[in-house]
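For reference, query.pdb is printed below; it contains PDB, C-alpha atoms and all ligand atoms.
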```
ATOM      1  CA  MET E   1      11.111   1.382 -16.415  1.00  0.00           C
ATOM      2  CA  ILE E   2       7.812   2.810 -15.221  1.00  0.00           C
ATOM      3  CA  ALA E   3       4.892   2.575 -17.646  1.00  0.00           C
ATOM      4  CA  LEU E   4       1.237   3.531 -17.401  1.00  0.00           C
ATOM      5  CA  ARG E   5      -1.346   1.104 -18.790  1.00  0.00           C
ATOM      6  CA  ALA E   6      -5.003   2.031 -19.382  1.00  0.00           C
ATOM      7  CA  LEU E   7      -7.478  -0.009 -17.323  1.00  0.00           C
ATOM      8  CA  GLY E   8     -11.092  -0.928 -18.057  1.00  0.00           C
ATOM      9  CA  ALA E   9     -13.884  -2.827 -16.359  1.00  0.00           C
ATOM     10  CA  GLU E  10     -12.231  -6.107 -17.445  1.00  0.00           C
ATOM     11  CA  ASP E  11      -9.318  -5.264 -15.124  1.00  0.00           C
ATOM     12  CA  ALA E  12     -11.429  -5.270 -11.941  1.00  0.00           C
ATOM     13  CA  ALA E  13      -9.509  -8.232 -10.473  1.00  0.00           C
ATOM     14  CA  LEU E  14      -6.190  -6.423 -10.909  1.00  0.00           C
ATOM     15  CA  VAL E  15      -7.581  -3.284  -9.266  1.00  0.00           C
ATOM     16  CA  ALA E  16      -8.851  -5.403  -6.358  1.00  0.00           C
ATOM     17  CA  GLU E  17      -5.430  -7.020  -5.978  1.00  0.00           C
ATOM     18  CA  LEU E  18      -3.587  -3.691  -5.949  1.00  0.00           C
ATOM     19  CA  GLN E  19      -6.081  -2.207  -3.492  1.00  0.00           C
ATOM     20  CA  SER E  20      -5.608  -5.254  -1.282  1.00  0.00           C
ATOM     21  CA  ASP E  21      -1.832  -4.659  -1.353  1.00  0.00           C
ATOM     22  CA  CYS E  22      -2.554  -1.021  -0.440  1.00  0.00           C
ATOM     23  CA  ALA E  23      -4.876  -1.888   2.462  1.00  0.00           C
ATOM     24  CA  ASP E  24      -3.007   0.701   4.568  1.00  0.00           C
ATOM     25  CA  TYR E  25      -4.036   3.527   2.250  1.00  0.00           C
ATOM     26  CA  ILE E  26      -7.621   2.220   1.796  1.00  0.00           C
ATOM     27  CA  ALA E  27      -7.871   2.131   5.608  1.00  0.00           C
ATOM     28  CA  LEU E  28      -6.552   5.684   5.869  1.00  0.00           C
ATOM     29  CA  GLU E  29      -9.056   6.857   3.270  1.00  0.00           C
ATOM     30  CA  THR E  30     -12.162   4.892   4.285  1.00  0.00           C
ATOM     31  CA  GLY E  31     -11.499   3.174   7.625  1.00  0.00           C
ATOM     32  CA  GLN E  32     -12.469  -0.032   5.806  1.00  0.00           C
ATOM     33  CA  ALA E  33     -10.830  -3.161   4.448  1.00  0.00           C
ATOM     34  CA  PRO E  34     -10.551  -3.212   0.630  1.00  0.00           C
ATOM     35  CA  GLY E  35     -13.604  -4.693  -1.115  1.00  0.00           C
ATOM     36  CA  PRO E  36     -15.782  -4.508  -4.250  1.00  0.00           C
ATOM     37  CA  ALA E  37     -17.077  -1.032  -3.394  1.00  0.00           C
ATOM     38  CA  HIS E  38     -13.528   0.314  -3.552  1.00  0.00           C
ATOM     39  CA  VAL E  39     -12.970  -1.278  -6.979  1.00  0.00           C
ATOM     40  CA  ALA E  40     -16.136   0.412  -8.255  1.00  0.00           C
ATOM     41  CA  GLY E  41     -15.025   3.649  -6.598  1.00  0.00           C
ATOM     42  CA  PHE E  42     -11.703   3.582  -8.458  1.00  0.00           C
ATOM     43  CA  PHE E  43     -13.471   3.415 -11.830  1.00  0.00           C
ATOM     44  CA  ASP E  44     -16.262   5.855 -10.893  1.00  0.00           C
ATOM     45  CA  ASP E  45     -14.076   8.503  -9.269  1.00  0.00           C
ATOM     46  CA  ALA E  46     -14.141  11.440 -11.684  1.00  0.00           C
ATOM     47  CA  PRO E  47     -14.860  15.151 -11.457  1.00  0.00           C
ATOM     48  CA  PRO E  48     -18.356  16.233 -12.541  1.00  0.00           C
ATOM     49  CA  GLY E  49     -19.241  17.009 -16.144  1.00  0.00           C
ATOM     50  CA  LEU E  50     -16.454  15.127 -17.935  1.00  0.00           C
ATOM     51  CA  SER E  51     -16.887  12.579 -20.705  1.00  0.00           C
ATOM     52  CA  ALA E  52     -15.273   9.124 -20.718  1.00  0.00           C
ATOM     53  CA  ASP E  53     -12.494  10.250 -23.074  1.00  0.00           C
ATOM     54  CA  GLN E  54     -11.341  12.835 -20.500  1.00  0.00           C
ATOM     55  CA  ILE E  55     -10.894  10.312 -17.663  1.00  0.00           C
ATOM     56  CA  PHE E  56      -7.859   8.006 -17.391  1.00  0.00           C
ATOM     57  CA  ALA E  57      -7.833   4.989 -15.071  1.00  0.00           C
ATOM     58  CA  MET E  58      -4.394   3.375 -15.222  1.00  0.00           C
ATOM     59  CA  ALA E  59      -2.135   0.760 -13.728  1.00  0.00           C
ATOM     60  CA  ILE E  60       1.384   1.864 -12.826  1.00  0.00           C
ATOM     61  CA  CYS E  61       3.747  -0.859 -14.021  1.00  0.00           C
ATOM     62  CA  GLU E  62       7.419  -1.507 -13.326  1.00  0.00           C
ATOM     63  CA  GLY E  63       8.353  -3.497 -16.394  1.00  0.00           C
ATOM     64  CA  GLU E  64       5.448  -5.917 -16.702  1.00  0.00           C
ATOM     65  CA  ARG E  65       4.595  -5.846 -12.986  1.00  0.00           C
ATOM     66  CA  PRO E  66       1.644  -3.698 -11.804  1.00  0.00           C
ATOM     67  CA  ILE E  67       2.745  -1.742  -8.727  1.00  0.00           C
ATOM     68  CA  GLY E  68       0.079   0.908  -8.303  1.00  0.00           C
ATOM     69  CA  LEU E  69      -3.015   2.721  -9.482  1.00  0.00           C
ATOM     70  CA  LEU E  70      -3.439   6.124 -11.073  1.00  0.00           C
ATOM     71  CA  ASN E  71      -6.576   8.022 -11.933  1.00  0.00           C
ATOM     72  CA  TRP E  72      -6.476  11.426 -13.596  1.00  0.00           C
ATOM     73  CA  SER E  73      -8.691  13.574 -15.758  1.00  0.00           C
ATOM     74  CA  GLN E  74      -8.541  16.487 -18.147  1.00  0.00           C
ATOM     75  CA  GLY E  75     -10.940  19.458 -18.247  1.00  0.00           C
ATOM     76  CA  TYR E  76     -11.850  20.179 -14.629  1.00  0.00           C
ATOM     77  CA  PRO E  77     -12.341  22.654 -13.051  1.00  0.00           C
ATOM     78  CA  GLU E  78     -11.205  24.705 -16.082  1.00  0.00           C
ATOM     79  CA  THR E  79     -10.896  23.322 -19.603  1.00  0.00           C
ATOM     80  CA  THR E  80      -7.081  23.625 -19.485  1.00  0.00           C
ATOM     81  CA  ASP E  81      -6.763  21.880 -16.082  1.00  0.00           C
ATOM     82  CA  ALA E  82      -5.744  18.306 -15.302  1.00  0.00           C
ATOM     83  CA  TYR E  83      -6.724  16.651 -12.009  1.00  0.00           C
ATOM     84  CA  ILE E  84      -5.122  13.656 -10.277  1.00  0.00           C
ATOM     85  CA  GLY E  85      -7.805  11.694  -8.414  1.00  0.00           C
ATOM     86  CA  LEU E  86      -5.486   8.967  -7.132  1.00  0.00           C
ATOM     87  CA  LEU E  87      -1.786   8.088  -7.174  1.00  0.00           C
ATOM     88  CA  MET E  88      -1.193   5.008  -5.057  1.00  0.00           C
ATOM     89  CA  LEU E  89       1.840   2.709  -5.023  1.00  0.00           C
ATOM     90  CA  VAL E  90       2.027  -0.635  -3.248  1.00  0.00           C
ATOM     91  CA  PRO E  91       4.138  -0.350  -0.075  1.00  0.00           C
ATOM     92  CA  THR E  92       7.191  -2.120  -1.563  1.00  0.00           C
ATOM     93  CA  ALA E  93       7.306   0.444  -4.404  1.00  0.00           C
ATOM     94  CA  ARG E  94       7.206   3.526  -2.172  1.00  0.00           C
ATOM     95  CA  GLY E  95      10.174   5.655  -1.197  1.00  0.00           C
ATOM     96  CA  ARG E  96      12.130   4.933  -4.424  1.00  0.00           C
ATOM     97  CA  GLY E  97      11.181   7.978  -6.473  1.00  0.00           C
ATOM     98  CA  ILE E  98       8.608   6.143  -8.586  1.00  0.00           C
ATOM     99  CA  GLY E  99       5.863   8.615  -7.634  1.00  0.00           C
ATOM    100  CA  GLY E 100       7.951  11.388  -9.208  1.00  0.00           C
ATOM    101  CA  GLU E 101       8.355   9.364 -12.414  1.00  0.00           C
ATOM    102  CA  VAL E 102       4.600   8.809 -12.603  1.00  0.00           C
ATOM    103  CA  LEU E 103       4.014  12.508 -12.011  1.00  0.00           C
ATOM    104  CA  SER E 104       6.389  13.388 -14.893  1.00  0.00           C
ATOM    105  CA  GLN E 105       4.414  11.109 -17.210  1.00  0.00           C
ATOM    106  CA  VAL E 106       1.082  12.606 -16.154  1.00  0.00           C
ATOM    107  CA  ILE E 107       2.458  16.104 -16.732  1.00  0.00           C
ATOM    108  CA  ARG E 108       3.672  15.136 -20.205  1.00  0.00           C
ATOM    109  CA  ALA E 109       0.306  13.591 -21.119  1.00  0.00           C
ATOM    110  CA  ALA E 110      -1.601  16.567 -19.696  1.00  0.00           C
ATOM    111  CA  ARG E 111       0.563  19.049 -21.641  1.00  0.00           C
ATOM    112  CA  ASN E 112      -0.098  17.051 -24.806  1.00  0.00           C
ATOM    113  CA  ARG E 113      -3.783  17.663 -24.098  1.00  0.00           C
ATOM    114  CA  HIS E 114      -3.115  21.399 -23.764  1.00  0.00           C
ATOM    115  CA  CYS E 115      -3.422  21.501 -19.986  1.00  0.00           C
ATOM    116  CA  THR E 116      -1.506  24.264 -18.201  1.00  0.00           C
ATOM    117  CA  ARG E 117      -2.253  23.398 -14.572  1.00  0.00           C
ATOM    118  CA  LEU E 118      -2.370  20.212 -12.473  1.00  0.00           C
ATOM    119  CA  LEU E 119      -4.482  19.871  -9.327  1.00  0.00           C
ATOM    120  CA  LEU E 120      -5.160  17.237  -6.698  1.00  0.00           C
ATOM    121  CA  CYS E 121      -6.469  16.787  -3.168  1.00  0.00           C
ATOM    122  CA  VAL E 122      -4.544  15.353  -0.241  1.00  0.00           C
ATOM    123  CA  PHE E 123      -6.078  14.203   3.035  1.00  0.00           C
ATOM    124  CA  ARG E 124      -5.061  16.249   6.060  1.00  0.00           C
ATOM    125  CA  ASP E 125      -4.326  12.852   7.686  1.00  0.00           C
ATOM    126  CA  ASN E 126      -1.673  12.022   5.066  1.00  0.00           C
ATOM    127  CA  PRO E 127       1.281  14.311   5.864  1.00  0.00           C
ATOM    128  CA  ALA E 128       3.819  12.104   3.997  1.00  0.00           C
ATOM    129  CA  ALA E 129       1.845  12.586   0.771  1.00  0.00           C
ATOM    130  CA  LEU E 130       1.608  16.335   1.384  1.00  0.00           C
ATOM    131  CA  ARG E 131       5.426  16.475   1.672  1.00  0.00           C
ATOM    132  CA  PHE E 132       5.731  14.496  -1.574  1.00  0.00           C
ATOM    133  CA  TRP E 133       3.495  16.901  -3.511  1.00  0.00           C
ATOM    134  CA  GLN E 134       5.138  19.985  -1.997  1.00  0.00           C
ATOM    135  CA  ALA E 135       8.564  18.625  -2.950  1.00  0.00           C
ATOM    136  CA  HIS E 136       7.247  18.414  -6.527  1.00  0.00           C
ATOM    137  CA  GLY E 137       6.170  22.045  -6.612  1.00  0.00           C
ATOM    138  CA  PHE E 138       2.524  21.868  -5.575  1.00  0.00           C
ATOM    139  CA  ARG E 139       1.145  24.661  -3.406  1.00  0.00           C
ATOM    140  CA  HIS E 140      -1.991  24.980  -1.300  1.00  0.00           C
ATOM    141  CA  ARG E 141      -5.006  26.312  -3.195  1.00  0.00           C
ATOM    142  CA  GLN E 142      -7.945  25.739  -0.875  1.00  0.00           C
ATOM    143  CA  THR E 143      -9.188  23.558   1.973  1.00  0.00           C
ATOM    144  CA  THR E 144     -12.391  21.549   1.479  1.00  0.00           C
ATOM    145  CA  PRO E 145     -15.156  21.230   4.079  1.00  0.00           C
ATOM    146  CA  PRO E 146     -15.194  17.856   5.882  1.00  0.00           C
ATOM    147  CA  ALA E 147     -16.494  15.059   3.611  1.00  0.00           C
ATOM    148  CA  THR E 148     -17.257  11.383   4.201  1.00  0.00           C
ATOM    149  CA  PHE E 149     -15.255   8.561   2.618  1.00  0.00           C
ATOM    150  CA  GLY E 150     -16.610   5.170   3.673  1.00  0.00           C
ATOM    151  CA  ALA E 151     -16.444   5.201   7.470  1.00  0.00           C
ATOM    152  CA  ARG E 152     -14.157   8.242   7.749  1.00  0.00           C
ATOM    153  CA  THR E 153     -14.548  11.979   7.496  1.00  0.00           C
ATOM    154  CA  HIS E 154     -11.719  13.973   5.936  1.00  0.00           C
ATOM    155  CA  ILE E 155     -10.615  17.510   5.486  1.00  0.00           C
ATOM    156  CA  ARG E 156      -8.657  17.738   2.224  1.00  0.00           C
ATOM    157  CA  ASP E 157      -6.182  20.298   1.008  1.00  0.00           C
ATOM    158  CA  GLU E 158      -6.424  21.021  -2.686  1.00  0.00           C
ATOM    159  CA  LEU E 159      -3.015  21.694  -4.235  1.00  0.00           C
ATOM    160  CA  SER E 160      -2.026  22.930  -7.669  1.00  0.00           C
ATOM    161  CA  ARG E 161       0.973  23.763  -9.823  1.00  0.00           C
ATOM    162  CA  ALA E 162       1.542  25.142 -13.285  1.00  0.00           C
ATOM    163  CA  ILE E 163       2.693  22.578 -15.875  1.00  0.00           C
TER     164      ILE E 163
HETATM  165  C1  LIG K 201       2.760   9.318  -1.889  1.00  0.00           C
HETATM  166  C2  LIG K 201       3.450   8.475  -2.937  1.00  0.00           C
HETATM  167  C3  LIG K 201       2.676   8.515  -4.263  1.00  0.00           C
HETATM  168  C4  LIG K 201       4.848   9.084  -3.163  1.00  0.00           C
HETATM  169  O1  LIG K 201       5.532   8.324  -4.143  1.00  0.00           O
HETATM  170  P1  LIG K 201       7.001   7.725  -3.773  1.00  0.00           P
HETATM  171  O2  LIG K 201       7.546   7.124  -4.999  1.00  0.00           O
HETATM  172  O3  LIG K 201       6.865   6.843  -2.574  1.00  0.00           O
HETATM  173  O4  LIG K 201       7.756   9.068  -3.415  1.00  0.00           O
HETATM  174  P2  LIG K 201       9.233   9.225  -2.835  1.00  0.00           P
HETATM  175  O5  LIG K 201      10.082   8.066  -3.201  1.00  0.00           O
HETATM  176  O6  LIG K 201       9.648  10.583  -3.260  1.00  0.00           O
HETATM  177  O7  LIG K 201       9.023   9.181  -1.237  1.00  0.00           O
HETATM  178  C5  LIG K 201       8.022   9.981  -0.645  1.00  0.00           C
HETATM  179  C6  LIG K 201       8.027   9.811   0.843  1.00  0.00           C
HETATM  180  O8  LIG K 201       7.713   8.458   1.229  1.00  0.00           O
HETATM  181  C7  LIG K 201       8.678   8.011   2.210  1.00  0.00           C
HETATM  182  N1  LIG K 201       8.814   6.560   2.217  1.00  0.00           N
HETATM  183  C8  LIG K 201       9.924   5.844   2.082  1.00  0.00           C
HETATM  184  N2  LIG K 201       9.668   4.545   2.145  1.00  0.00           N
HETATM  185  C9  LIG K 201       8.367   4.424   2.324  1.00  0.00           C
HETATM  186  C10 LIG K 201       7.508   3.319   2.472  1.00  0.00           C
HETATM  187  N3  LIG K 201       7.954   2.040   2.422  1.00  0.00           N
HETATM  188  N4  LIG K 201       6.208   3.547   2.658  1.00  0.00           N
HETATM  189  C11 LIG K 201       5.731   4.794   2.699  1.00  0.00           C
HETATM  190  N5  LIG K 201       6.507   5.890   2.560  1.00  0.00           N
HETATM  191  C12 LIG K 201       7.813   5.694   2.368  1.00  0.00           C
HETATM  192  C13 LIG K 201       9.891   8.717   1.739  1.00  0.00           C
HETATM  193  O9  LIG K 201      10.884   8.707   2.746  1.00  0.00           O
HETATM  194  C14 LIG K 201       9.346  10.089   1.520  1.00  0.00           C
HETATM  195  O10 LIG K 201       9.033  10.683   2.761  1.00  0.00           O
HETATM  196  P3  LIG K 201       9.644  12.075   3.244  1.00  0.00           P
HETATM  197  O11 LIG K 201       8.821  13.130   2.593  1.00  0.00           O
HETATM  198  O12 LIG K 201       9.434  12.032   4.699  1.00  0.00           O
HETATM  199  O13 LIG K 201      11.066  12.096   2.793  1.00  0.00           O
HETATM  200  C15 LIG K 201       3.606   6.989  -2.480  1.00  0.00           C
HETATM  201  O14 LIG K 201       4.427   6.934  -1.323  1.00  0.00           O
HETATM  202  C16 LIG K 201       2.284   6.312  -2.180  1.00  0.00           C
HETATM  203  O15 LIG K 201       1.674   5.754  -3.072  1.00  0.00           O
HETATM  204  N6  LIG K 201       1.841   6.355  -0.911  1.00  0.00           N
HETATM  205  C17 LIG K 201       0.580   5.696  -0.495  1.00  0.00           C
HETATM  206  C18 LIG K 201      -0.640   6.300  -1.160  1.00  0.00           C
HETATM  207  C19 LIG K 201      -0.699   7.796  -1.028  1.00  0.00           C
HETATM  208  O16 LIG K 201      -0.567   8.350   0.058  1.00  0.00           O
HETATM  209  N7  LIG K 201      -0.945   8.453  -2.173  1.00  0.00           N
HETATM  210  C20 LIG K 201      -1.069   9.900  -2.252  1.00  0.00           C
HETATM  211  C21 LIG K 201      -2.472  10.317  -2.106  1.00  0.00           C
HETATM  212  S1  LIG K 201      -2.641  12.094  -2.232  1.00  0.00           S
END
```
Show this structure as structure tokens.
Ligand SMILES: CC(C)(COP(=O)(O)OP(=O)(O)OC[C@H]1O[C@@H](n2cnc3c(N)ncnc32)[C@H](O)[C@@H]1OP(=O)(O)O)[C@@H](O)C(=O)NCCC(=O)NCCS
Amino acid sequence: MIALRALGAEDAALVAELQSDCADYIALETGQAPGPAHVAGFFDDAPPGLSADQIFAMAICEGERPIGLLNWSQGYPETTDAYIGLLMLVPTARGRGIGGEVLSQVIRAARNRHCTRLLLCVFRDNPAALRFWQAHGFRHRQTTPPATFGARTHIRDELSRAI
């Protein structure tokens, strides 16, 4: 069973461990090896103008075992929008449909908070993730100008779907 568990600053070591297991994705995003700056980035990554009770930093757990990280928020860019900042599974948990289960849980939680749309950004350099989101009904909304993430510069496609 896949469960989502809220994370706080006291869980920094767990976040570091999961990011270390996901060094491939951290490298894709930043061109860097996982480190303390990425742990801080996970907790700080939130759209502008939201309060702490609108931001959800979570561990994805299979039974008791943490297998990934999730970060989403409610209220940006419109008050009835939800935004996924990160959905990242450790390599051994990928390709088994778990991402879809996590997405279903985010949609349920977002609907409970009266959200009617879900958005996210995907790096142009991550075509497997783009296929995943498209398979789950997300469509292209806009393309962002190049932006810097650690040592890398990315163009991102923002996707959205009604929920
Ligand atoms: C993207 C992600 C959330 C999708 O969740 P998932 O549970 O793996 O999704 P699925 O089981 O539906 O598989 C999705 C794709 O991963 C492929 N896949 C299978 N095994 C895999 C593995 N060991 N590693 C990576 N991808 C794998 C699947 O074949 C499928 O690709 P396809 O579109 O070519 O068919 C997850 O793979 C992940 O965390 N990837 C790394 C981080 C990332 O890219 N996050 C998204 C940021 S926008």
Dump the neighbourhood of ligand LIG 201 (chain K) as a PyMOL selection string: all residues within 10 Å, distances computed on all atoms listed in the file. chain E and resi 22-26+28-29+67-70+84-103+120-136+156-159
Set out as a Markdown table a contact list for stretch 32-118 of chain E and stretch 8-13 of chain E with a cut-off of 9 Å, giving each residue of stretch 32-118 of chain E that qualifies its closest atom pair and distance in Å to one decimal, counting all atoms listed in the file, ordered by chain and rising residue number.
```
| residue | atom | partner | partner_atom | distance |
| --- | --- | --- | --- | --- |
| E:Pro36 | CA | E:Ala12 | CA | 8.9 |
| E:Val39 | CA | E:Ala12 | CA | 6.6 |
| E:Ala40 | CA | E:Ala12 | CA | 8.2 |
| E:Phe43 | CA | E:Ala9 | CA | 7.7 |
| E:Ala57 | CA | E:Gly8 | CA | 7.4 |
| E:Met58 | CA | E:Gly8 | CA | 8.5 |
```
Rank nothing, just name the residue among E:Gly31, E:Ala16, E:Ser73, E:Leu118 nearest to E:Thr153, using only C-alpha atoms. E:Gly31
Would you give the centre and edge lengths, in Å to one decimal, of a box along x, y and z around the listed atoms of stretch 109-115 of chain E, with 8 Å added to each side, as JSON?
```
{"center_x": -1.6, "center_y": 17.5, "center_z": -22.3, "size_x": 20.3, "size_y": 23.9, "size_z": 21.1}
```
Å distance separating atom CA of E:Leu18 from atom CA of E:Ala59, one decimal place: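 Between these atoms lies a distance of 9.1 Å.
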Could you tell me which of E:Phe138, E:Ile155, E:Arg161, E:Phe149 comes closest to E:Thr116 if we count all atoms listed in the file? E:Arg161
Ranking E:Ala6, E:Arg141, E:Pro146, E:His154 by minimum distance to E:Ile60 and counting only C-alpha atoms, which one comes first?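 Ranked by minimum distance to E:Ile60, first place goes to E:Ala6.
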Interatomic distance between atom CA of E:Val106 and atom CA of E:Gln142? 22.1 Å
Within 9 Å of stretch 74-83 of chain E, counting all atoms listed in the file, which residues show up once you throw out same-chain ones fewer than 4 positions away? Write them as a PyMOL selection string, please. chain E and resi 47-50+53-56+106-107+110-111+113-121+160
Which of E:Arg108, E:Arg152, E:His140, E:Arg65 sits closest to E:Arg5 [using only C-alpha atoms]: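 Looking at the shortest contact to E:Arg5, the residue is E:Arg65.
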Quick one: stretch 151-163 of chain E with N, CA and C atoms, as a PDB file, in the frame of the given file?
```pdb
ATOM      1  N   ALA E 151     -16.157   5.006   6.046  1.00  0.00           N
ATOM      2  CA  ALA E 151     -16.444   5.201   7.470  1.00  0.00           C
ATOM      3  C   ALA E 151     -15.656   6.365   8.070  1.00  0.00           C
ATOM      4  N   ARG E 152     -14.986   7.152   7.216  1.00  0.00           N
ATOM      5  CA  ARG E 152     -14.157   8.242   7.749  1.00  0.00           C
ATOM      6  C   ARG E 152     -14.586   9.589   7.185  1.00  0.00           C
ATOM      7  N   THR E 153     -14.296  10.612   7.940  1.00  0.00           N
ATOM      8  CA  THR E 153     -14.548  11.979   7.496  1.00  0.00           C
ATOM      9  C   THR E 153     -13.207  12.679   7.353  1.00  0.00           C
ATOM     10  N   HIS E 154     -13.015  13.347   6.215  1.00  0.00           N
ATOM     11  CA  HIS E 154     -11.719  13.973   5.936  1.00  0.00           C
ATOM     12  C   HIS E 154     -11.860  15.449   5.589  1.00  0.00           C
ATOM     13  N   ILE E 155     -10.884  16.194   6.065  1.00  0.00           N
ATOM     14  CA  ILE E 155     -10.615  17.510   5.486  1.00  0.00           C
ATOM     15  C   ILE E 155      -9.512  17.294   4.461  1.00  0.00           C
ATOM     16  N   ARG E 156      -9.659  17.901   3.282  1.00  0.00           N
ATOM     17  CA  ARG E 156      -8.657  17.738   2.224  1.00  0.00           C
ATOM     18  C   ARG E 156      -8.093  19.097   1.823  1.00  0.00           C
ATOM     19  N   ASP E 157      -6.818  19.101   1.550  1.00  0.00           N
ATOM     20  CA  ASP E 157      -6.182  20.298   1.008  1.00  0.00           C
ATOM     21  C   ASP E 157      -6.038  20.112  -0.494  1.00  0.00           C
ATOM     22  N   GLU E 158      -6.604  21.052  -1.237  1.00  0.00           N
ATOM     23  CA  GLU E 158      -6.424  21.021  -2.686  1.00  0.00           C
ATOM     24  C   GLU E 158      -5.148  21.782  -3.022  1.00  0.00           C
ATOM     25  N   LEU E 159      -4.302  21.130  -3.842  1.00  0.00           N
ATOM     26  CA  LEU E 159      -3.015  21.694  -4.235  1.00  0.00           C
ATOM     27  C   LEU E 159      -3.004  21.877  -5.751  1.00  0.00           C
ATOM     28  N   SER E 160      -2.154  22.777  -6.215  1.00  0.00           N
ATOM     29  CA  SER E 160      -2.026  22.930  -7.669  1.00  0.00           C
ATOM     30  C   SER E 160      -0.623  23.397  -8.021  1.00  0.00           C
ATOM     31  N   ARG E 161      -0.260  23.190  -9.276  1.00  0.00           N
ATOM     32  CA  ARG E 161       0.973  23.763  -9.823  1.00  0.00           C
ATOM     33  C   ARG E 161       0.798  23.964 -11.328  1.00  0.00           C
ATOM     34  N   ALA E 162       1.530  24.927 -11.829  1.00  0.00           N
ATOM     35  CA  ALA E 162       1.542  25.142 -13.285  1.00  0.00           C
ATOM     36  C   ALA E 162       2.340  24.021 -13.931  1.00  0.00           C
ATOM     37  N   ILE E 163       1.958  23.626 -15.150  1.00  0.00           N
ATOM     38  CA  ILE E 163       2.693  22.578 -15.875  1.00  0.00           C
ATOM     39  C   ILE E 163       3.017  23.063 -17.282  1.00  0.00           C
TER      40      ILE E 163
END
```
